[in-house]
Structure formats: structure tokens, C-alpha cells
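Participant: Structure: coords24.cif, mmCIF, C-alpha atoms.
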```cif
data_entry
loop_
_atom_site.label_atom_id
_atom_site.label_comp_id
_atom_site.auth_asym_id
_atom_site.auth_seq_id
_atom_site.Cartn_x
_atom_site.Cartn_y
_atom_site.Cartn_z
CA MET A 1 -18.28 79.40 73.84
CA SER A 2 -21.20 79.58 76.25
CA ALA A 3 -22.85 82.78 77.41
CA GLN A 4 -22.15 81.60 80.98
CA ASP A 5 -18.39 81.52 80.39
CA LEU A 6 -18.57 84.97 78.86
CA ALA A 7 -20.51 86.36 81.83
CA ARG A 8 -18.05 84.88 84.31
CA SER A 9 -15.14 86.37 82.36
CA LEU A 10 -16.64 89.86 82.23
CA VAL A 11 -17.20 89.91 85.99
CA ALA A 12 -13.58 88.87 86.66
CA ALA A 13 -10.60 91.23 86.77
CA GLY A 14 -9.09 89.27 83.88
CA SER A 15 -9.29 85.91 82.15
CA ALA A 16 -7.86 83.53 79.59
CA ARG A 17 -9.48 80.61 77.85
CA VAL A 18 -7.71 77.41 76.76
CA SER A 19 -9.07 74.48 74.79
CA GLY A 20 -7.99 71.45 72.82
CA ASP A 21 -4.80 69.48 73.41
CA GLU A 22 -3.31 72.28 75.52
CA GLY A 23 -5.98 71.90 78.21
CA GLU A 24 -9.46 73.27 78.69
CA GLY A 25 -11.51 75.70 80.70
CA ILE A 26 -10.98 79.28 81.77
CA TYR A 27 -8.42 80.95 84.01
CA LEU A 28 -9.97 83.85 85.93
CA LEU A 29 -8.21 86.58 87.89
CA SER A 30 -9.89 88.37 90.79
CA VAL A 31 -8.87 90.63 93.69
CA ARG A 32 -9.47 89.44 97.25
CA ASP A 33 -8.12 91.15 100.38
CA GLY A 34 -5.41 92.92 98.36
CA ASN A 35 -4.32 89.72 96.60
CA LEU A 36 -4.61 88.88 92.93
CA VAL A 37 -6.09 85.37 92.81
CA GLU A 38 -6.05 82.90 89.91
CA LYS A 39 -8.91 80.40 89.56
CA HIS A 40 -9.09 77.65 86.95
CA TRP A 41 -12.64 76.68 85.99
CA ILE A 42 -13.85 73.85 83.77
CA GLY A 43 -17.56 74.30 83.27
CA ASP A 44 -19.05 74.94 86.71
CA THR A 45 -16.23 73.13 88.55
CA LEU A 46 -13.38 75.02 90.21
CA GLN A 47 -10.21 73.05 89.48
CA SER A 48 -7.60 75.10 91.36
CA GLU A 49 -6.97 78.41 93.09
CA ASN A 50 -3.63 80.23 93.56
CA VAL A 51 -2.44 83.62 94.78
CA VAL A 52 -0.58 85.49 92.04
CA ALA A 53 0.51 88.66 93.86
CA SER A 54 -0.16 90.79 96.93
CA ASP A 55 -0.52 94.57 97.40
CA VAL A 56 -2.82 94.77 94.37
CA LYS A 57 -5.15 97.72 93.79
CA ASP A 58 -8.64 96.71 94.86
CA ASP A 59 -10.37 97.62 91.60
CA THR A 60 -7.55 96.76 89.20
CA SER A 61 -8.26 95.01 85.96
CA ALA A 62 -5.72 92.41 84.91
CA SER A 63 -4.62 90.66 81.75
CA TYR A 64 -3.70 86.99 81.63
CA LEU A 65 -1.35 86.06 78.79
CA LEU A 66 -0.67 82.53 77.59
CA ASP A 67 1.68 81.09 75.00
CA LEU A 68 1.75 77.55 73.67
CA GLU A 69 5.39 77.36 72.59
CA GLN A 70 7.12 78.62 75.72
CA SER A 71 4.24 77.88 78.12
CA PRO A 72 4.67 80.93 80.32
CA ARG A 73 1.67 82.35 82.14
CA LEU A 74 1.87 86.10 82.63
CA ALA A 75 -0.38 88.37 84.67
CA VAL A 76 -0.30 92.15 84.15
CA PHE A 77 -2.05 94.37 86.73
CA ILE A 78 -1.87 97.63 88.73
CA ASP A 79 -0.57 97.63 92.30
CA GLN A 80 -1.65 99.78 95.24
CA GLU A 81 0.86 102.46 94.25
CA ASN A 82 -0.80 102.76 90.79
CA VAL A 83 2.23 101.12 89.15
CA VAL A 84 1.83 98.54 86.37
CA GLN A 85 3.35 95.19 87.33
CA CYS A 86 3.95 91.87 85.55
CA TYR A 87 4.21 88.47 87.24
CA ALA A 88 5.10 85.13 85.63
CA TYR A 89 4.31 81.58 86.70
CA ASP A 90 7.42 79.53 87.49
CA GLU A 91 6.58 75.91 86.66
CA ASP A 92 9.70 74.59 88.40
CA VAL A 93 8.60 75.78 91.84
CA GLU A 94 4.89 76.09 90.93
CA GLU A 95 4.67 79.68 92.12
CA TRP A 96 4.01 83.11 90.66
CA LYS A 97 6.99 85.49 90.76
CA GLU A 98 7.52 89.16 90.02
CA THR A 99 9.32 89.91 86.74
CA PRO A 100 11.65 92.88 86.08
CA LEU A 101 9.15 94.35 83.61
CA GLY A 102 7.35 96.51 86.15
CA SER A 103 10.59 98.32 87.01
CA LYS A 104 11.64 98.51 83.37
CA TRP A 105 8.31 99.99 82.27
CA ASP A 106 8.16 102.43 85.21
CA ILE A 107 4.50 103.22 84.46
CA ILE A 108 2.44 105.22 86.95
CA THR A 109 -1.24 105.27 86.05
CA HIS A 110 -4.15 107.48 87.01
CA PRO A 111 -5.63 106.27 90.33
CA GLU A 112 -8.82 105.22 88.51
CA SER A 113 -7.07 103.60 85.54
CA LYS A 114 -7.77 100.09 84.34
CA LEU A 115 -5.45 98.35 81.86
CA SER A 116 -5.27 95.79 79.10
CA ALA A 117 -2.43 93.69 77.72
CA THR A 118 -2.16 91.41 74.73
CA ILE A 119 0.27 89.68 72.40
CA GLY A 120 0.82 91.93 69.39
CA PRO A 121 0.91 90.77 65.76
CA ASP A 122 4.70 90.40 65.97
CA GLY A 123 4.62 88.40 69.22
CA GLY A 124 5.60 91.30 71.48
CA ILE A 125 3.65 92.34 74.57
CA VAL A 126 1.48 95.47 74.38
CA VAL A 127 -0.01 97.19 77.44
CA SER A 128 -2.54 100.04 77.53
CA TYR A 129 -3.64 102.20 80.48
CA GLN A 130 -4.75 105.73 81.39
CA ASP A 131 -1.89 108.02 82.31
CA GLU A 132 -1.85 110.43 85.25
CA ASN A 133 -3.90 112.92 83.19
CA GLY A 134 -6.52 110.31 82.31
CA ASP A 135 -5.42 109.99 78.67
CA LEU A 136 -5.03 106.62 76.99
CA ALA A 137 -1.41 105.56 76.63
CA GLY A 138 0.66 102.40 76.42
CA ILE A 139 3.92 100.60 75.87
CA MET A 140 5.02 97.84 73.49
CA SER A 141 8.13 95.75 72.95
CA ILE A 142 9.92 96.55 69.70
CA ALA A 143 13.32 94.83 69.90
CA ASP A 144 15.72 93.02 72.19
CA LYS A 145 15.30 94.66 75.62
CA LYS A 146 13.70 97.73 74.03
CA TRP A 147 10.25 99.14 74.71
CA LYS A 148 8.38 101.96 72.99
CA SER A 149 5.82 104.14 74.74
CA PHE A 150 2.83 105.52 72.87
CA GLY A 151 0.30 108.21 73.72
CA PRO A 152 -1.38 110.23 74.90
CA LEU A 153 -3.86 109.02 72.28
CA GLU A 154 -6.74 110.96 70.76
CA GLY A 155 -10.25 110.43 72.03
CA ASN A 156 -12.41 111.24 75.03
CA PRO A 157 -12.11 108.16 77.24
CA LEU A 158 -14.27 107.82 80.32
CA LEU A 159 -12.07 108.00 83.41
CA GLY A 160 -11.66 104.44 84.66
CA THR A 161 -12.83 102.98 81.37
CA PRO A 162 -12.49 99.24 80.82
CA GLN A 163 -9.94 98.62 78.05
CA SER A 164 -9.49 95.76 75.63
CA LEU A 165 -6.49 95.33 73.33
CA GLU A 166 -7.24 92.89 70.52
CA VAL A 167 -5.44 91.78 67.36
CA ILE A 168 -8.02 91.75 64.55
CA ASP A 169 -6.99 91.06 60.95
CA ASP A 170 -3.35 91.19 62.14
CA THR A 171 -3.87 94.77 63.29
CA LEU A 172 -3.84 96.10 66.85
CA HIS A 173 -7.15 97.51 68.13
CA LEU A 174 -7.74 99.29 71.45
CA PHE A 175 -11.38 99.33 72.60
CA TYR A 176 -12.55 101.64 75.40
CA ILE A 177 -15.58 103.63 76.61
CA VAL A 178 -16.06 107.07 75.10
CA GLU A 179 -17.73 109.45 77.52
CA ASP A 180 -21.46 109.82 76.68
CA ALA A 181 -21.05 107.86 73.44
CA GLY A 182 -20.56 104.10 74.04
CA ILE A 183 -17.66 101.91 72.90
CA GLY A 184 -14.95 103.53 70.83
CA TYR A 185 -11.81 102.02 69.40
CA LEU A 186 -8.43 103.01 68.04
CA VAL A 187 -6.65 101.13 65.24
CA LEU A 188 -2.87 101.24 64.94
CA ASP A 189 -1.33 101.88 61.52
CA PRO A 190 1.95 99.91 61.79
CA ASP A 191 3.56 101.92 59.01
CA THR A 192 3.00 105.39 60.48
CA GLY A 193 2.49 104.57 64.15
CA ASN A 194 -0.72 106.60 64.13
CA TRP A 195 -3.96 105.46 65.76
CA ARG A 196 -7.26 105.97 63.92
CA ALA A 197 -10.35 106.66 66.05
CA ASN A 198 -13.70 104.94 65.46
CA LEU A 199 -17.00 104.43 67.30
CA LEU A 200 -19.23 101.35 67.55
CA LYS A 201 -22.87 102.21 66.91
CA ASN A 202 -25.66 101.28 69.33
CA THR A 203 -23.26 100.62 72.22
CA LYS A 204 -24.46 103.46 74.44
CA PHE A 205 -26.59 102.28 77.37
CA ASP A 206 -28.65 104.08 80.00
CA THR A 207 -26.58 102.43 82.74
CA ALA A 208 -22.80 102.56 83.15
CA ILE A 209 -20.84 99.89 81.26
CA ASP A 210 -18.98 97.73 83.78
CA ASN A 211 -17.11 95.69 81.19
CA PHE A 212 -17.28 94.58 77.58
CA SER A 213 -15.77 92.36 74.92
CA VAL A 214 -15.62 93.05 71.20
CA VAL A 215 -14.78 90.46 68.53
CA LYS A 216 -15.09 90.30 64.77
CA ASP A 217 -17.53 87.81 63.30
CA THR A 218 -15.44 85.94 60.72
CA GLU A 219 -18.53 85.00 58.72
CA THR A 220 -20.18 88.42 58.41
CA GLY A 221 -17.19 90.72 58.96
CA TYR A 222 -19.17 92.69 61.57
CA PHE A 223 -18.11 93.43 65.11
CA GLN A 224 -19.92 91.58 67.88
CA SER A 225 -20.08 93.57 71.11
CA TYR A 226 -20.89 91.93 74.46
CA VAL A 227 -21.61 94.42 77.21
CA LEU A 228 -22.04 93.99 80.97
CA THR A 229 -24.17 96.85 82.29
CA GLY A 230 -26.82 97.29 84.96
CA GLY A 231 -26.45 93.67 86.05
CA SER A 232 -27.28 92.32 82.59
CA LEU A 233 -25.34 90.91 79.64
CA TRP A 234 -26.14 92.42 76.24
CA ASN A 235 -25.13 91.71 72.65
CA VAL A 236 -24.89 94.22 69.80
CA ASN A 237 -24.55 92.53 66.42
CA GLY A 238 -22.81 94.94 64.09
CA ASP A 239 -24.93 98.10 63.91
CA ASN A 240 -28.11 96.23 64.87
CA GLU A 241 -30.26 96.52 67.97
CA GLN A 242 -29.25 95.56 71.48
CA THR A 243 -30.24 92.06 72.63
CA CYS A 244 -30.31 91.07 76.31
CA LEU A 245 -28.74 87.65 76.98
CA GLY A 246 -29.72 87.56 80.66
CA LYS A 247 -29.08 88.80 84.18
CA VAL A 248 -25.60 88.42 85.71
CA GLU A 249 -25.10 87.98 89.44
CA ASP A 250 -22.11 89.35 91.35
CA ASP A 251 -20.29 85.99 91.18
CA GLY A 252 -20.72 85.83 87.40
CA LYS A 253 -23.63 83.39 87.36
CA LEU A 254 -25.81 84.03 84.32
CA ILE A 255 -29.58 83.77 84.51
CA PRO A 256 -30.18 83.46 80.77
CA SER A 257 -32.90 85.16 78.80
CA ASP A 258 -35.05 83.28 76.32
CA LYS A 259 -32.52 84.21 73.61
CA ALA A 260 -29.60 82.59 75.46
CA GLN A 261 -31.67 79.56 76.44
CA ALA A 262 -32.54 79.05 72.77
CA GLY A 263 -28.87 78.43 71.97
CA TRP A 264 -27.68 81.96 71.20
CA ARG A 265 -24.30 81.70 69.53
CA VAL A 266 -21.58 83.59 71.34
CA GLN A 267 -18.53 84.53 69.29
CA TRP A 268 -16.09 85.35 72.05
CA ARG A 269 -12.41 85.75 72.74
CA GLY A 270 -12.99 87.23 76.16
CA ALA A 271 -12.59 90.40 78.11
CA ARG A 272 -9.16 91.71 79.03
CA LYS A 273 -7.54 88.39 78.08
CA VAL A 274 -5.79 86.45 75.36
CA VAL A 275 -6.84 83.04 74.18
CA ALA A 276 -3.83 80.74 74.10
CA SER A 277 -2.33 81.59 70.75
CA ARG A 278 0.23 79.97 68.53
CA ARG A 279 1.87 83.36 68.12
CA LYS A 280 5.03 83.05 70.16
CA ILE A 281 5.28 85.57 72.97
CA ILE A 282 8.57 87.45 72.89
CA ILE A 283 9.46 88.60 76.40
CA TYR A 284 12.17 91.22 76.78
CA TYR A 285 13.32 91.76 80.37
#
```
Please rewrite the model in this file as C-alpha cells.

Facilitator:
Amino acid sequence: MSAQDLARSLVAAGSARVSGDEGEGIYLLSVRDGNLVEKHWIGDTLQSENVVASDVKDDTSASYLLDLEQSPRLAVFIDQENVVQCYAYDEDVEEWKETPLGSKWDIITHPESKLSATIGPDGGIVVSYQDENGDLAGIMSIADKKWKSFGPLEGNPLLGTPQSLEVIDDTLHLFYIVEDAGIGYLVLDPDTGNWRANLLKNTKFDTAIDNFSVVKDTETGYFQSYVLTGGSLWNVNGDNEQTCLGKVEDDGKLIPSDKAQAGWRVQWRGARKVVASRRKIIIYY
């Protein structure tokens, strides 16, 4: 995965990457004039552009979920009333449509809240957000037409923090910004339902973190953190020093540093998104 694709993803409200026989490129979500807009990029070429939903909160983050077996495309976001919504792409009419999940969840977030959504280890959808008090909270599907809320969770999240739900080693992780400390994360114990708090070292920057992505390096076992802050893209390899990969313009164009130009290897799954996975998504309306 190129550093350019990573930069473009971190600037977007949400994204999803596909590759191989199922297609290629990146789907990006952005907000324009109150509309959530989907763009499909392959390299530097824009393949298509579609409106997903209207009446979207201007600074919402969004999660784009893909599944290879059922082929639905889901977008989870926050509307102008601070309510979490979920839309699905209807391939028969080639349009995005509202699903009943927003009404079923009945989630009202803090006005500054972002969100994240992912496919959990069991194939169910998991959504995180900041509640009306600013605490981290969420909801997950647990059975046929049943959903379980969780939170408020421990920690000291920055109000309006970017969030990233990831499945690592078959375990659910929630990454977020800890006030005055950098990137923190919570790990769910599936047996007890408790979340264990942790902190990633060397992820505190002098400028505010606009967005980030954290993945686990399968070769070393260390976390790789990619951080967008102060108009630049940075990498933190495990507990090691911060390395600048280049400047990032408002449209996501990366002006690479010498490191990136030299073929810096990016281990990336993406920010606020799910790579098309062979885990079947189980959708309970």
C-alpha cells in the first residue's frame, strides 16, 4: 500500500480498500454541502462519484464496510441531529438507501463526536462513538435482531477524538486520542466483556492529531502508527522514534519526504474503514 493512498484515506471522512479479484482501488467518503459523497479511486484516477446521504453533520467521520460474500456496501455516519445512521447500497437500483439500523440503535452522540465501525470477530457490526457526556461508548450485534450497548468506557478521551475500531489477533481494539498523552487503545476481553486500557508510546505530537491509523506488523509483532498532524504524515514504528513521511495537502495529495521516496513500506489497513474481508457480515435489522 502506497503512502499516497494512506494520506488520501486519512484526509477523508472514511474509506475502504479493495484489491484482487473483487476489484481494486479505494472508496473514499467525504462531506460536501451537507451530503455524504462516495468516490472510487484507482491510483490517481477518479472512477466514480455518488451521493450516499443528505443532512450529514459537516465534520462527521464515517465508516465504510464491505463484505465479499453478500456484497453489501454499508456507510455509518452521524447526521445533523447528532444521531448515528447507517445506509446500504442497493445494487438493484444502484442507489444508497437508509437502513432501519439508525432507528433501532437510537444513538445520540456528543455534538463533537466522531465514530468508527467495523466487522467484529464474529461477523457482527460494532460501532463506537462519544456519548452526550463525551465518554467513549458503543453498540454491537450479539444475536438475531439483538444489539448490546457498551460504555461509558474508562479513559480520558479528547473531545472529538478520531476513533478506529480494529480486529487484531481476533480481538476487538478501539484506538482513540488520550488528552495530553497521544494514542490510547482499549482491548475487549470477550469472556468478561471488560475493556483493558493501554497507551502507545511516542504518539504525542506538538500539534493536534487530525487522524491516525494503527496496524500490527505481522513480522515484528509491533504496532505501526500512522498519524496525520500539522499537515504532515508521520510513522511511529513500535516504541521507536517518529518518522515524517511527507507533507499532506488538503485534498490528500502527499508530497513525500526522502524516506517515502526511498520506498518506505507502509503496512496499512486504513483509517476508519474495513478492508474487504472474508468474514461474513451479519446484519440484524

Participant: For a test of reading the model, state the distance in Å between CA of Leu172 (chain A) and CA of Gly193 (chain A), rounded to one decimal.

Facilitator: 10.9 Å

Participant: How would you write, as an MDAnalysis selection string, the residues chosen by the PyMOL selection byres ((chain A and resi 209-217) around 10) on this structure?

Facilitator: chainID A and resid 6:7 9:13 160:169 175:177 182:183 185 200 203:208 218:238 266:273

Participant: So how many Å separate CA of Ile119 (chain A) and CA of Met140 (chain A), to one decimal?

Facilitator: 9.5 Å

Participant: Name all residues at most 7 Å from region 53-61 of chain A (count all atoms listed in the file; drop same-chain ones fewer than 5 positions away) and give them as a list in words.

Facilitator: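 My reading of the contact set: Ala13, Gly14, Val31, Gly34, Asn35, Leu36, Phe77, Ile78, Asp79, Gln80, Lys114 and Leu115 of chain A.
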
Participant: Pick from A:Thr243, A:Asn202, A:Ser128, A:Ser15: nearest to Asp258 (chain A), with only C-alpha atoms counted?

Facilitator: A:Thr243

Participant: Expand the PyMOL selection byres ((chain A and resi 73) around 6) into the individual residues it matches in the shown file, reporting them as a VMD selection string.

Facilitator: chain A and resid 65 to 66 72 74 88 to 89

Participant: Select, from A:Trp41, A:Trp105, A:Tyr87, A:Phe150, the residue with the minimum atom-to-atom distance to Gly25 (chain A), counting all atoms listed in the file.

Facilitator: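 That would be A:Trp41, the residue with the smallest distance to Gly25 (chain A).
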
Participant: Can you pull out every residue within 9 Å of Leu153 (chain A), counting only C-alpha atoms, but drop anything in the same chain fewer than 2 positions away, and send it as a list in words?

Facilitator: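 The contact residues come out as Asp135, Leu136, Ala137, Phe150, Gly151, Gly155, Leu186 and Trp195 of chain A.
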
Participant: So the first atom is CA of Val83 (chain A) and the second is CA of Gly123 (chain A); what is the distance between them in Å, to one decimal place?

Facilitator: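 The value is 23.8 Å.
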
Participant: Hey, which of A:Val52, A:Ser103, A:Asp144, A:Asn82 ends up closest to Glu132 (chain A)? Count only C-alpha atoms.

Facilitator: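 Looking only at the distances to Glu132 (chain A), the closest residue turns out to be A:Asn82.
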
Participant: May I ask which of the residues A:Lys148, A:His40, A:Lys201, A:Arg196 is the closest one to Arg17 (chain A), counting all atoms listed in the file?

Facilitator: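 Of the candidates, the smallest distance to Arg17 (chain A) is held by A:His40.
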
Participant: Considering only C-alpha atoms, can you say which of A:Ala75, A:Val178, A:Val248, A:Leu159 comes closest to His110 (chain A)?

Facilitator: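 So, comparing all the options, the nearest one is A:Leu159.
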
Participant: Restricting the calculation to only C-alpha atoms: of A:Ser30, A:Cys244, A:Val187, A:Asp250, which residue gets closest to Ala3 (chain A)?

Facilitator: A:Cys244

Participant: Starting from the shown file, work through the PyMOL selection byres ((chain A and resi 47) around 12) and note down what comes out as a PyMOL selection string.

Facilitator: chain A and resi 24-28+38-46+48-50

Participant: Dump region 166-178 of chain A with all heavy atoms to a file, as a short mmCIF file (atom, residue, chain, number, x, y, z; two decimals), in the first residue's frame.

Facilitator:
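Saved result, out_8.cif, follows:
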```cif
data_model
loop_
_atom_site.label_atom_id
_atom_site.label_comp_id
_atom_site.auth_asym_id
_atom_site.auth_seq_id
_atom_site.Cartn_x
_atom_site.Cartn_y
_atom_site.Cartn_z
N GLU A 166 -10.57 -1.79 15.32
CA GLU A 166 -9.83 -2.76 14.52
C GLU A 166 -9.90 -4.14 15.18
O GLU A 166 -9.95 -4.24 16.41
CB GLU A 166 -8.35 -2.36 14.39
CG GLU A 166 -8.10 -1.05 13.67
CD GLU A 166 -8.26 -1.18 12.17
OE1 GLU A 166 -8.42 -2.33 11.68
OE2 GLU A 166 -8.21 -0.15 11.48
N VAL A 167 -9.91 -5.18 14.36
CA VAL A 167 -9.80 -6.54 14.86
C VAL A 167 -8.36 -6.98 14.67
O VAL A 167 -7.88 -7.11 13.54
CB VAL A 167 -10.75 -7.50 14.13
CG1 VAL A 167 -10.56 -8.93 14.63
CG2 VAL A 167 -12.21 -7.06 14.35
N ILE A 168 -7.65 -7.19 15.77
CA ILE A 168 -6.24 -7.58 15.75
C ILE A 168 -6.09 -8.86 16.55
O ILE A 168 -6.53 -8.92 17.70
CB ILE A 168 -5.35 -6.46 16.33
CG1 ILE A 168 -5.50 -5.18 15.49
CG2 ILE A 168 -3.89 -6.90 16.38
CD1 ILE A 168 -4.76 -3.98 16.07
N ASP A 169 -5.52 -9.87 15.94
CA ASP A 169 -5.39 -11.18 16.60
C ASP A 169 -6.76 -11.68 17.08
O ASP A 169 -6.89 -12.21 18.19
CB ASP A 169 -4.40 -11.12 17.77
CG ASP A 169 -2.99 -10.77 17.32
OD1 ASP A 169 -2.64 -11.11 16.17
OD2 ASP A 169 -2.25 -10.15 18.10
N ASP A 170 -7.79 -11.47 16.23
CA ASP A 170 -9.16 -11.91 16.53
C ASP A 170 -9.73 -11.27 17.78
O ASP A 170 -10.65 -11.81 18.41
CB ASP A 170 -9.22 -13.44 16.67
CG ASP A 170 -8.96 -14.14 15.34
OD1 ASP A 170 -9.39 -13.60 14.30
OD2 ASP A 170 -8.33 -15.21 15.35
N THR A 171 -9.20 -10.11 18.15
CA THR A 171 -9.67 -9.39 19.33
C THR A 171 -9.99 -7.95 18.95
O THR A 171 -9.26 -7.32 18.19
CB THR A 171 -8.61 -9.41 20.45
OG1 THR A 171 -8.27 -10.77 20.74
CG2 THR A 171 -9.14 -8.76 21.71
N LEU A 172 -11.08 -7.42 19.49
CA LEU A 172 -11.52 -6.07 19.16
C LEU A 172 -10.68 -5.04 19.91
O LEU A 172 -10.52 -5.10 21.12
CB LEU A 172 -12.99 -5.92 19.51
CG LEU A 172 -13.74 -4.72 18.94
CD1 LEU A 172 -13.73 -4.76 17.41
CD2 LEU A 172 -15.18 -4.70 19.47
N HIS A 173 -10.14 -4.07 19.15
CA HIS A 173 -9.38 -2.95 19.70
C HIS A 173 -10.08 -1.65 19.32
O HIS A 173 -10.54 -1.49 18.19
CB HIS A 173 -7.96 -2.91 19.13
CG HIS A 173 -7.07 -4.03 19.57
ND1 HIS A 173 -7.37 -5.37 19.35
CD2 HIS A 173 -5.86 -4.02 20.20
CE1 HIS A 173 -6.38 -6.12 19.84
NE2 HIS A 173 -5.46 -5.32 20.35
N LEU A 174 -10.11 -0.70 20.25
CA LEU A 174 -10.61 0.64 19.98
C LEU A 174 -9.50 1.64 20.25
O LEU A 174 -9.07 1.83 21.39
CB LEU A 174 -11.84 0.94 20.87
CG LEU A 174 -12.36 2.39 20.83
CD1 LEU A 174 -12.69 2.84 19.41
CD2 LEU A 174 -13.56 2.54 21.76
N PHE A 175 -9.02 2.29 19.19
CA PHE A 175 -7.96 3.29 19.29
C PHE A 175 -8.59 4.68 19.32
O PHE A 175 -9.56 4.96 18.61
CB PHE A 175 -6.99 3.17 18.11
CG PHE A 175 -6.22 1.89 18.07
CD1 PHE A 175 -6.72 0.78 17.40
CD2 PHE A 175 -5.00 1.77 18.72
CE1 PHE A 175 -6.01 -0.41 17.35
CE2 PHE A 175 -4.29 0.57 18.69
CZ PHE A 175 -4.79 -0.52 18.01
N TYR A 176 -7.99 5.58 20.09
CA TYR A 176 -8.51 6.95 20.23
C TYR A 176 -7.39 7.84 20.77
O TYR A 176 -6.30 7.36 21.13
CB TYR A 176 -9.71 6.96 21.17
CG TYR A 176 -9.38 6.55 22.59
CD1 TYR A 176 -9.19 7.50 23.60
CD2 TYR A 176 -9.24 5.21 22.94
CE1 TYR A 176 -8.87 7.12 24.89
CE2 TYR A 176 -8.92 4.81 24.23
CZ TYR A 176 -8.73 5.78 25.20
OH TYR A 176 -8.40 5.40 26.47
N ILE A 177 -7.64 9.15 20.82
CA ILE A 177 -6.66 10.09 21.34
C ILE A 177 -6.92 10.35 22.82
O ILE A 177 -8.03 10.73 23.21
CB ILE A 177 -6.69 11.43 20.58
CG1 ILE A 177 -6.50 11.19 19.09
CG2 ILE A 177 -5.61 12.38 21.10
CD1 ILE A 177 -5.21 10.52 18.72
N VAL A 178 -5.89 10.12 23.63
CA VAL A 178 -5.96 10.42 25.05
C VAL A 178 -5.49 11.86 25.25
O VAL A 178 -4.46 12.26 24.71
CB VAL A 178 -5.08 9.47 25.87
CG1 VAL A 178 -5.15 9.82 27.36
CG2 VAL A 178 -5.48 8.02 25.64
#
```
